[in-house]
Amino acid sequence: MSSKSKPDDTGSLQPEREGQVIGNQSADELLVDRTSEFDPELTVVMPTLNEEEGIGICLEWIKEAIEELQVRTEIIVSDSSTDRTPEIAREMGAIVVEPDKGGYGYAYRYAFERARGDYIAMGDADTTYDFKEIPRLLKELEKADADMVMGSRLNGEIKPGAMPTLHQYIGNPMLTRFLNAFYGAGVSDAHSGFRIFTSEAYETMDLKTSGMEFASEMIMEAGAKDLEIVETPIVYHEREGEETLESFKDGWRHVRFMLVNAPGYLFLVPGLLMGFLGTVVMGTAASGLAVSGVNLGIHSMIAGSLLAIVGYQVASLGVFASVASDPIQKPSDPITERVTGSLSLERGATVGLMVFTAGTLYAGLLVYQWILSGFSSISFTIGSLGAFTAIVVGLQTVFSSFFLSAVDQ
């Protein structure tokens, strides 16, 4: 699909395809189906699951937008309903497709793959989003020369009863902050479902999820691929029909998906912090330096050793996740790039063996002293704890190198 039309200053697409000279036509005349001789400039996609109470209203709103735009448009309803939703949609001129799998995200992906428009608008069919705003969103898209425009509910108006208080003041703002911090999206309402994007933007995004986390994935992919996202305030209305969102379950799916696809934040940052703190505590205890007049002893050394070992293990998981999977937000810190870019099995195993050998030699000296003492009790020193820490980290490095080599084949 190639973009040959742009919104003009009034928000109307200007058709440039041969044979598409359009005057003041009705929405029904502008709607195209699979048999039409014309290709659509705009595709509007709605996923539906028993939305017979709201689908008709949404389609009427879309038709009003089409008449204002005066462009060929296809409406694709991706339906998994058991009520009259598909019949109503067909009667009003929509193309109804039936996904072969379940899931909110899969319903969208199934329809997007069949979209022919240069611009794709998406939104729920429950009357929460006013599709009459499509021309205004298209105008914002063109004015900013962006790849995607989103309607922001949190920067706009939320009608009474349209959104639960928990979602409005805690859930959506918190998830949006997470997404902005991890993926640099810079949006105010990451989970608004009213969006318009170019066909090229869709092809750039590698969308894979099937559930409610699809809304997050789209913004994560756009942010990671450096696509330009703009927002405009919208009015969020109370829905028609039964609510299908499960607050905590679906909220957790979003958080889990964001974390798993950002191993740098999930593993590397906490791992490096713990490892650094543990090493500092161990070094301070071993050197005998006083901190605020207090000398750190063996117990501080034990705590530092545990922190260093756990931190090393957690950071290693971040490297493994970056290599074994294909996260949306790949770690770009110099440590991960160095490890994944140049560390071979031989180098990693060699470094691990060197650390392990150093710890083993010191431990061997302790064993020798123990034998000379007639197997009597010997004191547990800071040096011995440092040696045992080196043994553990060395072994971890050796086996981690083998594991990294296995998953990177």
# chains A, B, ... in the order shown; residues from 1 in each chain; ligands from 1
call {"tool": "select_by_dssp", "arguments": {"residues": "segment 107-192 of chain A", "states": "helix (DSSP H, G or I)", "output": "number ranges by chain"}}
result
A: 107-112, 131-143, 165-183
call {"tool": "residues_around", "arguments": {"residues": "Thr48 of chain A", "least_positions_apart": "4", "cutoff": "7 Å", "atoms": "only C-alpha atoms", "output": "PDB file with all heavy atoms, in the first residue's frame"}}
result
ATOM      1  N   VAL A  77     -15.171  -4.724   9.951  1.00  0.00           N
ATOM      2  CA  VAL A  77     -15.576  -5.157  11.282  1.00  0.00           C
ATOM      3  C   VAL A  77     -15.012  -6.555  11.499  1.00  0.00           C
ATOM      4  O   VAL A  77     -15.382  -7.498  10.788  1.00  0.00           O
ATOM      5  CB  VAL A  77     -17.107  -5.153  11.434  1.00  0.00           C
ATOM      6  CG1 VAL A  77     -17.514  -5.774  12.769  1.00  0.00           C
ATOM      7  CG2 VAL A  77     -17.640  -3.731  11.324  1.00  0.00           C
ATOM      8  N   SER A  78     -14.089  -6.674  12.452  1.00  0.00           N
ATOM      9  CA  SER A  78     -13.466  -7.959  12.762  1.00  0.00           C
ATOM     10  C   SER A  78     -14.255  -8.594  13.892  1.00  0.00           C
ATOM     11  O   SER A  78     -14.091  -8.240  15.061  1.00  0.00           O
ATOM     12  CB  SER A  78     -12.001  -7.736  13.156  1.00  0.00           C
ATOM     13  OG  SER A  78     -11.299  -8.956  13.259  1.00  0.00           O
ATOM     14  N   ASP A  79     -15.117  -9.547  13.542  1.00  0.00           N
ATOM     15  CA  ASP A  79     -16.186  -9.959  14.445  1.00  0.00           C
ATOM     16  C   ASP A  79     -16.042 -11.377  14.987  1.00  0.00           C
ATOM     17  O   ASP A  79     -15.704 -12.311  14.259  1.00  0.00           O
ATOM     18  CB  ASP A  79     -17.523  -9.842  13.728  1.00  0.00           C
ATOM     19  CG  ASP A  79     -18.688 -10.183  14.637  1.00  0.00           C
ATOM     20  OD1 ASP A  79     -18.968  -9.381  15.544  1.00  0.00           O
ATOM     21  OD2 ASP A  79     -19.283 -11.255  14.438  1.00  0.00           O
ATOM     22  N   SER A  80     -16.322 -11.504  16.296  1.00  0.00           N
ATOM     23  CA  SER A  80     -16.380 -12.815  16.960  1.00  0.00           C
ATOM     24  C   SER A  80     -17.654 -12.918  17.784  1.00  0.00           C
ATOM     25  O   SER A  80     -17.659 -13.531  18.856  1.00  0.00           O
ATOM     26  CB  SER A  80     -15.143 -13.012  17.850  1.00  0.00           C
ATOM     27  OG  SER A  80     -13.948 -12.941  17.114  1.00  0.00           O
ATOM     28  N   SER A  81     -18.720 -12.320  17.301  1.00  0.00           N
ATOM     29  CA  SER A  81     -19.950 -12.194  18.081  1.00  0.00           C
ATOM     30  C   SER A  81     -20.861 -13.412  17.932  1.00  0.00           C
ATOM     31  O   SER A  81     -20.765 -14.188  16.973  1.00  0.00           O
ATOM     32  CB  SER A  81     -20.727 -10.947  17.645  1.00  0.00           C
ATOM     33  OG  SER A  81     -19.957  -9.780  17.812  1.00  0.00           O
ATOM     34  N   ALA A 125     -16.120  -0.546  19.083  1.00  0.00           N
ATOM     35  CA  ALA A 125     -17.479  -0.394  18.562  1.00  0.00           C
ATOM     36  C   ALA A 125     -18.508  -0.277  19.673  1.00  0.00           C
ATOM     37  O   ALA A 125     -19.651  -0.708  19.513  1.00  0.00           O
ATOM     38  CB  ALA A 125     -17.815  -1.585  17.664  1.00  0.00           C
TER      39      ALA A 125
END
call {"tool": "closest_residue", "arguments": {"among": "A:Phe197, A:Tyr169, A:Phe403, A:Phe320", "to": "Glu140 of chain A", "atoms": "only C-alpha atoms"}}
result
A:Phe197
call {"tool": "residues_around", "arguments": {"residues": "Tyr108 of chain A", "least_positions_apart": "4", "cutoff": "8 Å", "atoms": "only C-alpha atoms", "output": "ChimeraX atom specification"}}
result
/A:45-47,78,104,112
call {"tool": "residues_around", "arguments": {"residues": "Leu154 of chain A", "least_positions_apart": "5", "cutoff": "12 Å", "atoms": "only C-alpha atoms", "output": "list of chain:residue names"}}
result
A:Lys159, A:Ala162, A:Met163, A:His167, A:Gln168, A:Tyr169, A:Ile170, A:Gly171, A:Asn172, A:Pro173, A:Thr176, A:Val187, A:Ser188, A:Asp189, A:Ala190, A:His191, A:Ser192, A:Glu231, A:Thr232, A:Pro233, A:Ile234, A:Val235, A:Tyr236
